[in-house]
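As structure tokens, the structure follows; a few thoughts come after it.
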Amino acid sequence: MKQPTLTKKAIIEMIIIVLVNIGFFWLFAKIDMLEKLVEFSEDHEDWELDEIIPVFFTMAVSLAYFAYSRWKEAMGFYRTAHRLSIRDSLTDLYNRRYFTETLQQEISNCNRSKLPFTLILIDLDDFKRINDTMGHETGDDVLVGFSQVLSKELRKSDTAARWGGEEFIILCRNTDNPSAQMIADKLLNALRKKIYPKDTHVTATMGITTSFGNETMEIIIKKADDCLYTGKSRGKNQAVFA
């Protein structure tokens with residue numbers, strides 16, 4: 001997850017605060033402010049200014065601590081909100097909106113680096129039957145379990161997302177067809193071994209295409225989708241390459 005950063009406005013405000021404090025420091029040093037305060041306190045001992053002045057210092061420290069605590073709290077809220085905005089609420093994989101932004105960025109990177117990436121579109125086989133015969137709760141357990149398989153088996157450089165319903169999508173960076181074949185075989189084998197609640201076994205069909213970034217996102221996704229459709233028509237439980 002992308003970590004929250006300071007906005008341009010916040011950076012400008014911090015610079016202004018620092019400059020203002022430097023200005024006051026220079027002014028107070030030039031006029032010997034502390035010395036004048038001491039002299040004024042001595043001239044008005046009955047006012048007990050020497051006891052009041054330290055209070056202003058402790059108040060400044062307290063306010064600084066309060067502001068820092070509220071800033072940390074706000075950053076915590078931001079991280080939570082940011083995570084919710086890019087994650088699927090059920091599987092905790094990335095959502096479709098985040099994935100499309102990531103894919104578009106990878107296409108731009110590919111145009112510059114000329115390194116290939118592979119897109120894997122996955123559909124769980126006969127998932128509607130699971131929902132209809134075992135209930136939606138079991139269906140949700142299957143989706144979560146499959147997501148855990150993806151998180152465990154994929155490389156750190158790969159990005160997986162829930163594309164919609166029982167469809168998932170994976171972006172494999174710096175990956176050509178032979179490497180993609182190894183990833184697909186690994187995922188299919190792991191999925192076949194996975195046992196879900198109520199002794200449910202699930203298979204999946206994959207549509208896979210490799211790109212050098214010379215096509216639009218829509219074309220790349222359609223190629224993977226066409227391969228997925230071909231795999232379904234051939235009997236499911238397999239990976240088909242463009």
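If you're wondering about the labels, chains in the structure tokens are A, B, ... by order shown, residues count from 1 in each chain, ligands from 1 in order shown.
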
message: Among range 10-233 of chain A, which residues does DSSP mark as helix (DSSP H, G or I) when it is run on the backbone? Keep the chain and numbering as in the structure and answer as a ChimeraX atom specification.
response: /A:10-30,33-43,45-47,49-86,96-113,127-134,136-153,177-193,197-199,217-233

query: Which one of A:Lys186, A:Arg155, A:Arg129, A:Arg97 sits closest to Leu171 in chain A if you count only C-alpha atoms?
result: A:Arg155

Residues of range 92-164 of chain A at most 7 Å from range 214-226 of chain A: nearest atom pair and distance in Å, only C-alpha atoms, as a Markdown table:
```
| residue | atom | partner | partner_atom | distance |
| --- | --- | --- | --- | --- |
| A:Gln104 | CA | A:Met217 | CA | 6.5 |
| A:Asn111 | CA | A:Asn214 | CA | 6.7 |
| A:Leu119 | CA | A:Ala224 | CA | 6.9 |
| A:Ile120 | CA | A:Ala224 | CA | 6.7 |
| A:Leu121 | CA | A:Ala224 | CA | 6.0 |
```

Atoms kept (N, CA and C atoms) for selection, written as a compact mmCIF listing (two decimals), in the first residue's frame:
```txt
# COMPACT_ATOMS: atom_id res chain seq x y z
N GLN A 104 -2.45 0.70 -15.85
CA GLN A 104 -2.17 1.81 -16.75
C GLN A 104 -0.76 2.36 -16.52
N ASN A 111 6.47 0.97 -21.81
CA ASN A 111 6.82 1.73 -23.01
C ASN A 111 8.24 2.29 -22.91
N LEU A 119 -0.49 -10.40 -18.01
CA LEU A 119 -1.77 -10.24 -17.35
C LEU A 119 -2.48 -11.59 -17.29
N ILE A 120 -2.91 -11.96 -16.10
CA ILE A 120 -3.61 -13.24 -15.90
C ILE A 120 -5.02 -12.95 -15.39
N LEU A 121 -6.00 -13.35 -16.16
CA LEU A 121 -7.40 -13.20 -15.77
C LEU A 121 -7.92 -14.58 -15.35
```

task: Would you please give, as a ChimeraX atom specification, all residues of range 1-241 of chain A that DSSP assigns to strand (DSSP E) based on the backbone?
output: /A:117-124,159-164,167-172,204-211,239-241

Contacts of Phe146 in chain A within 12 Å, only C-alpha atoms, excl. fewer than 5 positions in-chain, as an MDAnalysis selection string: chainID A and resid 90:93 122:125 127 139:141 151:153 160:162 166:168 187:188 190:197 200:204

message: So that I can check the surroundings of Phe117 in chain A, please list as a PyMOL selection string every protein, DNA and RNA residue that reaches within 7 Å of it, counting only C-alpha atoms and ignoring chain neighbours fewer than 3 positions away.
response: chain A and resi 172-176+210-212

Keeping N, CA, C and O atoms, export the residues of the selection given above as a PDB file, in the first residue's frame.
```pdb
ATOM      1  N   CYS A 172       1.715  -9.395 -13.555  1.00  0.00           N
ATOM      2  CA  CYS A 172       3.047  -9.953 -13.288  1.00  0.00           C
ATOM      3  C   CYS A 172       4.079  -9.098 -14.015  1.00  0.00           C
ATOM      4  O   CYS A 172       4.210  -9.174 -15.243  1.00  0.00           O
ATOM      5  N   ARG A 173       4.827  -8.316 -13.274  1.00  0.00           N
ATOM      6  CA  ARG A 173       5.800  -7.409 -13.873  1.00  0.00           C
ATOM      7  C   ARG A 173       7.046  -8.161 -14.333  1.00  0.00           C
ATOM      8  O   ARG A 173       7.429  -9.170 -13.733  1.00  0.00           O
ATOM      9  N   ASN A 174       7.673  -7.636 -15.381  1.00  0.00           N
ATOM     10  CA  ASN A 174       8.915  -8.224 -15.909  1.00  0.00           C
ATOM     11  C   ASN A 174       8.771  -9.726 -16.131  1.00  0.00           C
ATOM     12  O   ASN A 174       9.636 -10.519 -15.741  1.00  0.00           O
ATOM     13  N   THR A 175       7.669 -10.113 -16.750  1.00  0.00           N
ATOM     14  CA  THR A 175       7.357 -11.529 -16.915  1.00  0.00           C
ATOM     15  C   THR A 175       7.011 -11.829 -18.372  1.00  0.00           C
ATOM     16  O   THR A 175       6.095 -11.218 -18.936  1.00  0.00           O
ATOM     17  N   ASP A 176       7.741 -12.782 -18.952  1.00  0.00           N
ATOM     18  CA  ASP A 176       7.435 -13.199 -20.323  1.00  0.00           C
ATOM     19  C   ASP A 176       6.575 -14.464 -20.287  1.00  0.00           C
ATOM     20  O   ASP A 176       6.193 -14.957 -19.220  1.00  0.00           O
ATOM     21  N   THR A 210       0.741 -11.666 -22.660  1.00  0.00           N
ATOM     22  CA  THR A 210       1.952 -10.896 -22.353  1.00  0.00           C
ATOM     23  C   THR A 210       2.022  -9.677 -23.255  1.00  0.00           C
ATOM     24  O   THR A 210       1.669  -9.742 -24.431  1.00  0.00           O
ATOM     25  N   SER A 211       2.459  -8.560 -22.692  1.00  0.00           N
ATOM     26  CA  SER A 211       2.493  -7.308 -23.448  1.00  0.00           C
ATOM     27  C   SER A 211       3.798  -6.565 -23.195  1.00  0.00           C
ATOM     28  O   SER A 211       4.407  -6.695 -22.128  1.00  0.00           O
ATOM     29  N   PHE A 212       4.185  -5.778 -24.193  1.00  0.00           N
ATOM     30  CA  PHE A 212       5.342  -4.884 -24.056  1.00  0.00           C
ATOM     31  C   PHE A 212       4.889  -3.430 -23.933  1.00  0.00           C
ATOM     32  O   PHE A 212       5.668  -2.510 -24.145  1.00  0.00           O
TER      33      PHE A 212
END
```

- prompt: In Å to one decimal, how far is CA of Val142 in chain A from CA of Lys128 in chain A?
  reply: 11.6 Å
